[in-house]
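Data block for run.txt (compact mmCIF, C-alpha atoms and all ligand atoms):
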```txt
# COMPACT_ATOMS: atom_id res chain seq x y z
CA MET G 16 -28.29 -11.02 2.91
CA SER G 17 -29.11 -8.34 0.42
CA GLN G 18 -27.87 -8.39 -3.18
CA VAL G 19 -25.75 -5.84 -5.02
CA ILE G 20 -27.85 -3.55 -7.21
CA GLN G 21 -25.48 -0.71 -8.10
CA VAL G 22 -21.76 0.01 -8.53
CA GLU G 23 -20.42 3.55 -9.01
CA THR G 24 -16.88 4.78 -9.64
CA PHE G 25 -15.20 8.06 -8.71
CA ILE G 26 -11.77 9.54 -9.36
CA LEU G 27 -10.39 11.33 -6.31
CA THR G 28 -7.81 14.00 -7.16
CA VAL G 29 -6.01 16.00 -4.48
CA PRO G 30 -3.38 18.57 -5.45
CA ARG G 31 -0.05 18.56 -3.62
CA THR G 32 2.65 21.25 -3.45
CA THR G 33 5.70 18.94 -3.32
CA PRO G 34 5.64 15.97 -5.71
CA TYR G 35 5.41 12.51 -4.11
CA LEU G 36 8.85 11.36 -2.89
CA GLY G 37 10.18 14.95 -2.89
CA PRO G 38 11.01 17.93 -5.11
CA LEU G 39 12.03 17.37 -8.72
CA GLY G 40 15.59 16.06 -9.01
CA PRO G 41 18.25 16.81 -11.61
CA GLY G 42 16.89 16.30 -15.14
CA GLU G 43 13.34 15.55 -13.95
CA ARG G 44 10.40 17.42 -15.53
CA VAL G 45 6.62 17.36 -15.50
CA ASN G 46 5.09 16.25 -18.83
CA SER G 47 1.99 17.56 -20.61
CA ARG G 48 -0.33 15.17 -18.70
CA GLY G 49 1.05 16.07 -15.29
CA TYR G 50 3.36 13.09 -14.77
CA LEU G 51 7.06 12.99 -13.95
CA VAL G 52 9.54 10.17 -14.41
CA ARG G 53 11.98 9.65 -11.55
CA LYS G 54 15.47 9.27 -12.96
CA GLY G 55 16.41 7.01 -10.06
CA ASN G 56 14.18 4.12 -11.15
CA GLY G 57 12.52 5.12 -14.42
CA THR G 58 9.06 5.01 -12.83
CA ILE G 59 6.26 7.45 -13.65
CA TYR G 60 4.41 9.35 -10.90
CA PRO G 61 1.62 11.95 -11.03
CA THR G 62 2.09 15.43 -9.55
CA VAL G 63 -1.28 15.11 -7.79
CA ASP G 64 -2.54 12.50 -5.35
CA ARG G 65 -5.14 10.37 -7.08
CA SER G 66 -7.12 7.17 -6.51
CA VAL G 67 -10.26 5.39 -7.69
CA VAL G 68 -13.12 5.01 -5.21
CA VAL G 69 -16.16 2.73 -5.58
CA ARG G 70 -19.57 2.83 -3.95
CA VAL G 71 -21.46 -0.46 -3.94
CA THR G 72 -25.15 -0.42 -2.99
CA THR G 73 -27.32 -3.40 -2.05
CA ALA G 74 -31.08 -3.87 -2.45
CA ASP G 75 -31.74 -2.94 1.19
CA GLY G 76 -30.08 0.45 0.61
CA ALA G 77 -26.83 -0.39 2.42
CA VAL G 78 -23.65 1.19 1.00
CA GLY G 79 -20.08 -0.10 1.02
CA TRP G 80 -16.96 1.86 0.07
CA GLY G 81 -13.82 0.61 -1.64
CA GLU G 82 -10.73 2.16 -3.16
CA THR G 83 -7.75 1.25 -5.30
CA TYR G 84 -4.82 2.79 -7.13
CA GLY G 85 -5.64 5.54 -9.58
CA ILE G 86 -2.36 7.38 -9.63
CA CYS G 87 -1.85 6.75 -13.36
CA ALA G 88 -4.61 6.49 -16.01
CA PRO G 89 -7.42 6.23 -13.43
CA ARG G 90 -10.09 6.07 -16.14
CA ALA G 91 -8.70 2.68 -17.17
CA VAL G 92 -9.59 1.29 -13.74
CA CYS G 93 -13.07 2.89 -13.84
CA GLU G 94 -13.71 1.39 -17.28
CA ILE G 95 -12.70 -2.10 -16.14
CA ILE G 96 -15.12 -1.81 -13.23
CA ASN G 97 -18.03 -0.27 -15.16
CA ASP G 98 -17.73 -2.27 -18.39
CA LEU G 99 -16.43 -5.61 -17.16
CA LEU G 100 -16.78 -6.26 -13.44
CA ALA G 101 -19.86 -4.39 -12.20
CA PRO G 102 -22.35 -6.28 -14.42
CA GLU G 103 -20.94 -9.57 -13.05
CA LEU G 104 -21.25 -8.28 -9.49
CA LEU G 105 -24.96 -7.47 -9.72
CA ASP G 106 -27.19 -9.84 -7.72
CA ARG G 107 -24.21 -11.25 -5.80
CA GLU G 108 -24.18 -11.09 -1.99
CA PRO G 109 -21.42 -9.48 0.10
CA ASP G 110 -21.14 -12.59 2.29
CA ASP G 111 -19.74 -14.36 -0.80
CA VAL G 112 -16.91 -11.83 -1.12
CA GLU G 113 -14.06 -14.36 -1.18
CA ARG G 114 -15.69 -16.44 -3.90
CA ILE G 115 -16.51 -13.25 -5.79
CA TRP G 116 -12.80 -12.27 -5.80
CA ASP G 117 -11.96 -15.66 -7.31
CA ASP G 118 -14.75 -15.36 -9.88
CA LEU G 119 -13.83 -11.82 -10.99
CA TYR G 120 -10.14 -12.74 -11.22
CA GLY G 121 -11.05 -15.81 -13.23
CA LEU G 122 -12.87 -13.75 -15.87
CA MET G 123 -9.58 -12.54 -17.38
CA ARG G 124 -6.89 -14.95 -16.19
CA VAL G 125 -6.45 -16.69 -19.55
CA ARG G 126 -5.84 -13.26 -21.11
CA GLY G 127 -2.88 -12.68 -18.82
CA CYS G 128 -4.51 -10.24 -16.38
CA PHE G 129 -2.59 -11.52 -13.36
CA GLY G 130 -2.18 -8.08 -11.81
CA GLY G 131 -2.17 -4.46 -12.91
CA PHE G 132 -5.32 -2.45 -13.50
CA HIS G 133 -7.60 -5.50 -13.70
CA VAL G 134 -6.74 -6.79 -10.24
CA ASP G 135 -6.64 -3.25 -8.82
CA ALA G 136 -10.25 -2.89 -9.98
CA ILE G 137 -11.20 -6.13 -8.22
CA ALA G 138 -9.46 -4.90 -5.04
CA ALA G 139 -11.68 -1.80 -4.90
CA LEU G 140 -14.83 -3.93 -5.20
CA ASP G 141 -13.52 -6.48 -2.70
CA ILE G 142 -12.97 -3.79 -0.06
CA ALA G 143 -16.47 -2.39 -0.64
CA LEU G 144 -18.00 -5.88 -0.30
CA TRP G 145 -16.11 -6.50 2.96
CA ASP G 146 -17.33 -3.10 4.19
CA LEU G 147 -20.93 -4.08 3.32
CA ARG G 148 -20.54 -7.50 4.87
CA ALA G 149 -19.21 -6.14 8.15
CA ARG G 150 -21.88 -3.42 8.28
CA ALA G 151 -24.58 -6.01 7.69
CA HIS G 152 -23.29 -7.91 10.71
CA ALA G 153 -22.98 -4.63 12.69
CA LYS G 154 -19.31 -5.33 13.34
CA PRO G 155 -16.05 -3.54 12.62
CA LEU G 156 -14.24 -5.15 9.70
CA TRP G 157 -11.44 -6.61 11.83
CA ALA G 158 -13.99 -8.69 13.77
CA LEU G 159 -14.76 -10.66 10.58
CA LEU G 160 -11.08 -11.23 9.74
CA GLY G 161 -9.73 -13.02 12.80
CA GLU G 162 -8.69 -12.57 16.39
CA ARG G 163 -7.56 -9.09 17.28
CA GLN G 164 -3.87 -9.15 18.20
CA ARG G 165 -3.33 -5.55 19.28
CA GLU G 166 -5.18 -2.35 20.20
CA THR G 167 -3.11 0.01 18.05
CA ILE G 168 -0.91 -0.65 15.01
CA PRO G 169 2.74 0.39 15.30
CA GLY G 170 3.95 2.49 12.37
CA TYR G 171 7.18 3.79 10.91
CA VAL G 172 8.07 7.04 9.18
CA SER G 173 8.25 6.54 5.42
CA GLY G 174 10.17 9.07 3.38
CA LEU G 175 11.85 12.35 4.12
CA PRO G 176 10.60 14.50 1.23
CA ALA G 177 13.10 17.37 1.26
CA ALA G 178 15.46 18.54 -1.47
CA THR G 179 18.88 18.04 0.14
CA LEU G 180 20.49 15.53 2.47
CA ASP G 181 20.91 18.19 5.16
CA GLU G 182 17.20 18.99 4.99
CA ARG G 183 16.27 15.30 5.10
CA VAL G 184 18.42 14.78 8.20
CA ALA G 185 16.80 17.82 9.81
CA MET G 186 13.35 16.41 9.01
CA ALA G 187 14.30 13.08 10.59
CA ARG G 188 15.56 14.87 13.70
CA THR G 189 12.22 16.65 13.99
CA PHE G 190 10.34 13.35 13.75
CA ALA G 191 12.70 11.78 16.30
CA ALA G 192 12.06 14.67 18.71
CA GLN G 193 8.35 13.87 18.39
CA GLY G 194 9.05 10.30 19.52
CA HIS G 195 9.38 8.46 16.21
CA ASP G 196 11.98 5.68 16.27
CA ALA G 197 11.86 4.01 12.82
CA PHE G 198 12.57 5.67 9.49
CA LYS G 199 12.66 4.51 5.88
CA ILE G 200 14.43 6.45 3.16
CA HIS G 201 13.41 6.47 -0.48
CA ALA G 202 16.54 5.72 -2.45
CA VAL G 203 15.07 7.03 -5.67
CA VAL G 204 15.52 10.56 -4.31
CA SER G 205 18.80 9.95 -2.41
CA HIS G 206 20.55 12.30 -4.80
CA GLU G 207 23.65 12.59 -2.57
CA GLY G 208 24.03 8.79 -2.36
CA ILE G 209 22.15 6.00 -0.58
CA VAL G 210 24.96 4.91 1.74
CA GLU G 211 25.82 8.56 2.48
CA GLU G 212 22.20 9.25 3.44
CA ILE G 213 21.94 6.24 5.76
CA ALA G 214 25.31 7.08 7.35
CA ALA G 215 24.18 10.66 7.99
CA LEU G 216 20.88 9.49 9.50
CA ARG G 217 22.58 6.92 11.73
CA ASP G 218 24.93 9.65 12.90
CA ALA G 219 22.06 12.06 13.59
CA LEU G 220 19.58 9.60 15.14
CA GLY G 221 21.89 7.37 17.17
CA PRO G 222 22.20 3.59 17.44
CA ILE G 223 18.67 2.80 18.63
CA ALA G 224 16.70 4.20 15.68
CA GLN G 225 15.55 1.61 13.13
CA LEU G 226 16.58 2.55 9.59
CA MET G 227 15.22 0.98 6.42
CA VAL G 228 16.07 1.61 2.78
CA ASP G 229 13.51 1.43 -0.03
CA LEU G 230 15.60 0.67 -3.12
CA HIS G 231 12.67 1.11 -5.53
CA TRP G 232 13.60 -1.87 -7.75
CA LYS G 233 16.76 -0.01 -8.88
CA PHE G 234 19.36 -2.76 -9.02
CA ASP G 235 20.38 -6.09 -10.49
CA LEU G 236 21.43 -8.89 -8.15
CA ALA G 237 25.16 -8.07 -8.07
CA GLN G 238 24.51 -4.37 -7.50
CA ALA G 239 22.05 -5.10 -4.70
CA GLN G 240 24.48 -7.49 -3.03
CA ALA G 241 27.18 -4.80 -3.17
CA MET G 242 24.76 -2.19 -1.78
CA ALA G 243 23.81 -4.49 1.09
CA GLN G 244 27.49 -4.96 1.96
CA GLN G 245 28.02 -1.20 2.01
CA LEU G 246 24.96 -0.63 4.19
CA GLN G 247 25.74 -3.41 6.68
CA PRO G 248 27.94 -1.29 9.02
CA HIS G 249 25.00 1.06 9.55
CA ALA G 250 22.71 -1.62 11.04
CA VAL G 251 19.84 -1.34 8.55
CA THR G 252 16.65 -3.22 9.53
CA PHE G 253 15.80 -4.14 5.93
CA ILE G 254 16.39 -3.26 2.32
CA GLU G 255 13.12 -3.07 0.37
CA ALA G 256 12.29 -3.79 -3.27
CA PRO G 257 15.94 -4.20 -4.28
CA LEU G 258 15.41 -5.86 -7.70
CA LYS G 259 13.07 -5.52 -10.65
CA PRO G 260 9.79 -7.32 -9.87
CA GLU G 261 10.35 -9.90 -12.65
CA ASP G 262 13.59 -11.21 -11.13
CA VAL G 263 12.08 -13.79 -8.80
CA ALA G 264 15.19 -15.99 -8.68
CA GLY G 265 17.38 -12.95 -8.03
CA LEU G 266 15.20 -11.82 -5.14
CA ILE G 267 15.36 -15.24 -3.51
CA GLU G 268 19.13 -15.39 -4.02
CA LEU G 269 19.59 -11.89 -2.59
CA GLY G 270 17.60 -12.93 0.47
CA ARG G 271 19.98 -15.88 0.88
CA THR G 272 23.20 -13.89 0.53
CA SER G 273 22.42 -10.38 1.82
CA PRO G 274 23.82 -9.44 5.24
CA ILE G 275 20.73 -7.23 5.64
CA PRO G 276 17.18 -8.71 5.76
CA VAL G 277 15.25 -8.28 2.51
CA ALA G 278 11.68 -6.94 2.23
CA ALA G 279 9.43 -7.12 -0.85
CA GLY G 280 5.85 -7.31 -1.97
CA GLU G 281 4.23 -3.89 -2.32
CA GLU G 282 3.61 -4.47 -6.04
CA TRP G 283 2.15 -7.96 -5.66
CA HIS G 284 -1.58 -8.33 -6.29
CA THR G 285 -2.27 -11.97 -5.53
CA GLU G 286 -1.38 -15.01 -3.47
CA TYR G 287 0.02 -16.55 -6.66
CA GLU G 288 2.72 -13.89 -6.97
CA ALA G 289 3.45 -14.09 -3.24
CA ARG G 290 3.82 -17.88 -3.23
CA LEU G 291 6.43 -17.84 -5.99
CA ARG G 292 8.66 -15.56 -3.90
CA LEU G 293 7.92 -16.92 -0.44
CA ALA G 294 8.65 -20.46 -1.59
CA GLY G 295 12.32 -19.52 -1.75
CA GLY G 296 12.33 -19.25 2.02
CA THR G 297 14.71 -16.27 2.12
CA LEU G 298 12.54 -13.16 2.45
CA ALA G 299 12.44 -11.60 5.93
CA TYR G 300 9.53 -9.16 5.47
CA ILE G 301 6.64 -8.86 3.04
CA GLN G 302 4.76 -5.64 2.38
CA PRO G 303 1.25 -6.31 1.05
CA GLU G 304 -0.59 -3.28 -0.33
CA MET G 305 -4.34 -3.26 0.34
CA GLY G 306 -4.94 -1.01 -2.68
CA HIS G 307 -3.70 -3.82 -4.95
CA THR G 308 -4.84 -6.89 -3.02
CA GLY G 309 -8.16 -6.01 -1.48
CA VAL G 310 -8.96 -7.63 1.85
CA THR G 311 -9.32 -11.14 0.44
CA GLN G 312 -5.86 -11.35 -1.11
CA PHE G 313 -4.20 -9.33 1.63
CA LEU G 314 -5.22 -11.98 4.15
CA ARG G 315 -4.32 -14.93 1.92
CA ILE G 316 -0.86 -13.42 1.27
CA ALA G 317 -0.37 -12.65 4.96
CA ARG G 318 -1.32 -16.19 6.00
CA GLU G 319 1.16 -17.58 3.48
CA ALA G 320 3.87 -15.32 4.92
CA GLU G 321 3.06 -16.36 8.47
CA HIS G 322 3.30 -20.00 7.36
CA HIS G 323 6.88 -19.26 6.22
CA GLY G 324 7.75 -17.32 9.37
CA VAL G 325 8.02 -14.07 7.40
CA ARG G 326 7.05 -10.82 9.12
CA ILE G 327 4.42 -8.53 7.61
CA ALA G 328 5.00 -4.81 7.17
CA PRO G 329 1.98 -3.55 5.22
CA HIS G 330 2.63 -0.91 2.56
CA ALA G 331 1.00 2.53 2.53
CA THR G 332 0.68 4.69 -0.55
CA ILE G 333 -1.22 7.47 -2.30
CA GLY G 334 -4.92 7.15 -1.59
CA GLY G 335 -7.96 8.75 -0.03
CA GLY G 336 -7.74 6.74 3.19
CA LEU G 337 -10.34 4.04 2.46
CA PHE G 338 -7.93 1.24 1.54
CA MET G 339 -5.72 2.51 4.36
CA ALA G 340 -8.56 1.89 6.80
CA ALA G 341 -9.01 -1.62 5.41
CA SER G 342 -5.27 -2.23 5.78
CA LEU G 343 -5.38 -1.27 9.48
CA HIS G 344 -8.32 -3.63 10.13
CA ALA G 345 -6.41 -6.49 8.50
CA ALA G 346 -3.17 -5.61 10.28
CA ALA G 347 -4.98 -5.76 13.63
CA VAL G 348 -5.56 -9.52 13.32
CA LEU G 349 -2.14 -10.63 12.05
CA PRO G 350 0.10 -12.38 14.59
CA GLY G 351 3.04 -11.85 12.21
CA LEU G 352 2.70 -8.06 11.91
CA TRP G 353 5.90 -6.00 12.27
CA ARG G 354 4.89 -2.38 11.67
CA HIS G 355 2.62 -0.62 9.18
CA GLU G 356 4.15 2.00 6.90
CA TRP G 357 3.12 5.60 7.67
CA GLN G 358 3.07 7.98 4.71
CA HIS G 359 3.00 11.20 6.67
CA SER G 360 2.61 13.38 3.56
CA ILE G 361 -0.63 11.54 2.64
CA PHE G 362 -2.28 10.07 5.74
CA SER G 363 -3.39 13.20 7.57
CA ARG G 364 -4.87 14.73 4.41
CA SER G 365 -6.80 11.53 3.74
CA VAL G 366 -8.28 11.50 7.22
CA GLU G 367 -9.51 15.10 6.77
CA MET G 368 -11.62 14.00 3.80
CA LEU G 369 -13.29 11.09 5.60
CA ASP G 370 -15.84 10.59 8.33
CA THR G 371 -13.67 8.43 10.56
CA THR G 372 -11.90 8.22 13.91
CA MET G 373 -8.82 6.70 12.22
CA ALA G 374 -5.69 8.50 13.44
CA TYR G 375 -1.92 8.32 13.80
CA ARG G 376 -0.67 9.21 17.28
CA ASP G 377 2.79 8.92 18.86
CA GLY G 378 4.04 6.41 16.33
CA ASP G 379 0.92 4.22 16.33
CA TYR G 380 -2.16 4.00 14.17
CA VAL G 381 -5.50 4.14 15.95
CA LEU G 382 -8.07 1.88 14.27
CA PRO G 383 -11.26 3.52 13.05
CA GLU G 384 -14.31 2.81 15.20
CA GLY G 385 -17.76 1.86 14.03
CA PRO G 386 -19.12 -0.85 11.73
CA GLY G 387 -17.43 -1.91 8.49
CA LEU G 388 -14.35 0.10 7.51
CA GLY G 389 -15.25 2.75 10.05
CA ALA G 390 -14.48 5.24 7.29
CA ALA G 391 -16.57 6.81 4.55
CA PRO G 392 -16.23 9.91 2.37
CA GLY G 393 -16.97 13.16 4.23
CA ALA G 394 -17.86 16.61 2.96
CA ARG G 395 -14.30 17.51 1.88
CA PHE G 396 -13.99 14.29 -0.11
CA TRP G 397 -16.68 15.46 -2.53
CA ASP G 398 -14.75 18.65 -3.29
CA HIS G 399 -12.14 16.43 -4.96
CA ALA G 400 -14.24 13.60 -6.43
CA GLU G 401 -15.49 13.17 -9.97
CA ALA G 402 -18.07 10.52 -10.91
CA VAL G 403 -17.09 8.34 -13.90
CA ALA G 404 -19.86 6.44 -15.63
MG MG D 1 8.26 0.97 -1.17
```
Here is the file; what I need is its structure written in the form of structure tokens.
Ligand code: MG
Amino acid sequence: MSQVIQVETFILTVPRTTPYLGPLGPGERVNSRGYLVRKGNGTIYPTVDRSVVVRVTTADGAVGWGETYGICAPRAVCEIINDLLAPELLDREPDDVERIWDDLYGLMRVRGCFGGFHVDAIAALDIALWDLRARAHAKPLWALLGERQRETIPGYVSGLPAATLDERVAMARTFAAQGHDAFKIHAVVSHEGIVEEIAALRDALGPIAQLMVDLHWKFDLAQAQAMAQQLQPHAVTFIEAPLKPEDVAGLIELGRTSPIPVAAGEEWHTEYEARLRLAGGTLAYIQPEMGHTGVTQFLRIAREAEHHGVRIAPHATIGGGLFMAASLHAAAVLPGLWRHEWQHSIFSRSVEMLDTTMAYRDGDYVLPEGPGLGAAPGARFWDHAEAVA
């Protein structure tokens, strides 16, 4: 197989009219660098959609594409790739991608880089190497990852980005009329109250609809337990990200005591973080994010979850669609898959920028066709991309 000879990084920036998660809430403002802090969870978000994309080229001229988070300080990720990781990737072969992930992670482990920008940067390269590897074998990515379990990937509606509860209920009704049957609310913008919002949605959508609540790491253990009790009468499928990521013991205890199943994992980067939480044996769903994990860690985390009998509901977030394509390929081979998150405010715009057959139709994702990811930047992508050396 051919060796890596070049790695390039790009920042993809796509303007949006409504900020991610919905219009600005009470007391929220955009700062001088174009970020806003959500009062509901103290987390910073950009007012644009942004990610970091990599192009990896091998000596035979083949090209692989990868992508990771770039929503905040994207130049930090580019610098880690260009200064630190790319020189170590030169002359390596895409067939060694799993060992390469371990090697690149190992470069900085004793300096405490167990996640964050460092592992995001590795994820982008990992996806590009898997893309190259699959293309070299003239196969779609999923065919290298395992046995295909399903033709399409069931999804669920994530977020109702409207200003008021009435408007969010109306938006959910519109989705339901289109055939959607599973909805997740983003508690960080439930300005009229989380329980009130779920009650209104249950009332509007009827008993069959699946309702989930993303709690955005808002609570401590006692608060989350109380919230779960209040939500229980409304038959919620899961509560997601209830506690701050550092509270591993609290998360396990909440899983043991909550009357509603608990989901977690979108912020995890590695199998090491996943194992600590899955070992408690109380989580019901995990939500690996391809943009953080890359293909290699996504699969290792998913296999660990399946070993524990935990269902997998992959996360979807702001991106240009490349790590989304990788996530669909991986989801296609998981026996333990539940549904894949569908970020309706992002997905369709991503697809428009790519050369791909990837689609979302009638509540299901359609896998991209073709070798590798089955997705690569198209003409509209380059209107929004900036090369970073
Ligand atoms: Mg979430």
*asked:* Just want the residues within 9 Å of ligand MG 1 (chain D), written as a ChimeraX atom specification, counting all atoms listed in the file.
replied: /G:173,201,228-232,255-256,279-282,302,330-332
With C-alpha atoms retained, write the just-selected residues as a JSON list (two decimals), keeping the file's coordinate frame.
```json
[["chain", "number", "residue", "atom", "x", "y", "z"],
["G", 173, "SER", "CA", 8.25, 6.54, 5.42],
["G", 201, "HIS", "CA", 13.41, 6.47, -0.48],
["G", 228, "VAL", "CA", 16.07, 1.61, 2.78],
["G", 229, "ASP", "CA", 13.51, 1.43, -0.03],
["G", 230, "LEU", "CA", 15.60, 0.67, -3.12],
["G", 231, "HIS", "CA", 12.67, 1.11, -5.53],
["G", 232, "TRP", "CA", 13.60, -1.87, -7.75],
["G", 255, "GLU", "CA", 13.12, -3.07, 0.37],
["G", 256, "ALA", "CA", 12.29, -3.79, -3.27],
["G", 279, "ALA", "CA", 9.43, -7.12, -0.85],
["G", 280, "GLY", "CA", 5.85, -7.31, -1.97],
["G", 281, "GLU", "CA", 4.23, -3.89, -2.32],
["G", 282, "GLU", "CA", 3.61, -4.47, -6.04],
["G", 302, "GLN", "CA", 4.76, -5.64, 2.38],
["G", 330, "HIS", "CA", 2.63, -0.91, 2.56],
["G", 331, "ALA", "CA", 1.00, 2.53, 2.53],
["G", 332, "THR", "CA", 0.68, 4.69, -0.55]]
```
*Fewer than 4 positions away in the same chain doesn't count, so skip those; otherwise give me all residues within 10 Å of Glu288 of chain G, counting all atoms listed in the file, as a PyMOL selection string.*
chain G and resi 129-130+263+280+282-284+292-293+316
*asked:* List the spatial neighbours of segment 365-367 of chain G as a PyMOL selection string - criterion: any atom at most 10 Å away, all atoms listed in the file, same-chain residues fewer than 4 positions off excluded.
replied: chain G and resi 29+333-337+339-340+360-361+371-375+390-396
*Residues at most 7 Å from Pro38 of chain G, counting all atoms listed in the file, excluding those fewer than 4 positions away in the same chain, as a list of chain:residue names?*
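Within the cut-off, the hits are G:Thr33, G:Pro34, G:Ala177, G:Ala178.
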_Residues near Ser66 of chain G, cut-off 8 Å, all atoms listed in the file, skip fewer than 5 positions along chain, as a PyMOL selection string_ = chain G and resi 26-28+82-86+89+333-335
Please produce a file of the residues just selected, as a short mmCIF file (atom, residue, chain, number, x, y, z; two decimals), keeping the file's coordinate frame, where the atoms kept are C-alpha atoms.
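Just written: result_2.cif:
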```cif
data_model
loop_
_atom_site.label_atom_id
_atom_site.label_comp_id
_atom_site.auth_asym_id
_atom_site.auth_seq_id
_atom_site.Cartn_x
_atom_site.Cartn_y
_atom_site.Cartn_z
CA ILE G 26 -11.77 9.54 -9.36
CA LEU G 27 -10.39 11.33 -6.31
CA THR G 28 -7.81 14.00 -7.16
CA GLU G 82 -10.73 2.16 -3.16
CA THR G 83 -7.75 1.25 -5.30
CA TYR G 84 -4.82 2.79 -7.13
CA GLY G 85 -5.64 5.54 -9.58
CA ILE G 86 -2.36 7.38 -9.63
CA PRO G 89 -7.42 6.23 -13.43
CA ILE G 333 -1.22 7.47 -2.30
CA GLY G 334 -4.92 7.15 -1.59
CA GLY G 335 -7.96 8.75 -0.03
#
```
*Compile the contact shell of segment 161-164 of chain G as a PyMOL selection string: residues with an atom at most 9 Å away, counting all atoms listed in the file, same-chain residues fewer than 5 positions apart removed.*
chain G and resi 345-350
*Expressed in Å to a single decimal, how great is the separation between atom CA of Glu166 of chain G and atom CA of Ala320 of chain G?*
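Atom-to-atom, atom CA of Glu166 of chain G and atom CA of Ala320 of chain G are spaced 22.0 Å apart.
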*Work out how far apart atom CA of Thr285 of chain G and atom CA of Gln225 of chain G are and give it in Å to one decimal.*
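Result for atom CA of Thr285 of chain G versus atom CA of Gln225 of chain G: 29.2 Å, one decimal.
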*Quote the spacing between atom CA of Gly309 of chain G and atom CA of Val203 of chain G in Å to one decimal place.*
27.0 Å
*For Val325 of chain G, which of G:Met305, G:Met368, G:Pro276, G:Arg124 is the closest residue, counting all atoms listed in the file?*
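Distance minimum relative to Val325 of chain G lands on G:Pro276.
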*Of the candidates G:Asp98, G:Glu356, G:Asp75, G:Glu113, which one gets nearest to Phe198 of chain G if we count all atoms listed in the file?*
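Using all atoms listed in the file, Phe198 of chain G sits closest to G:Glu356.
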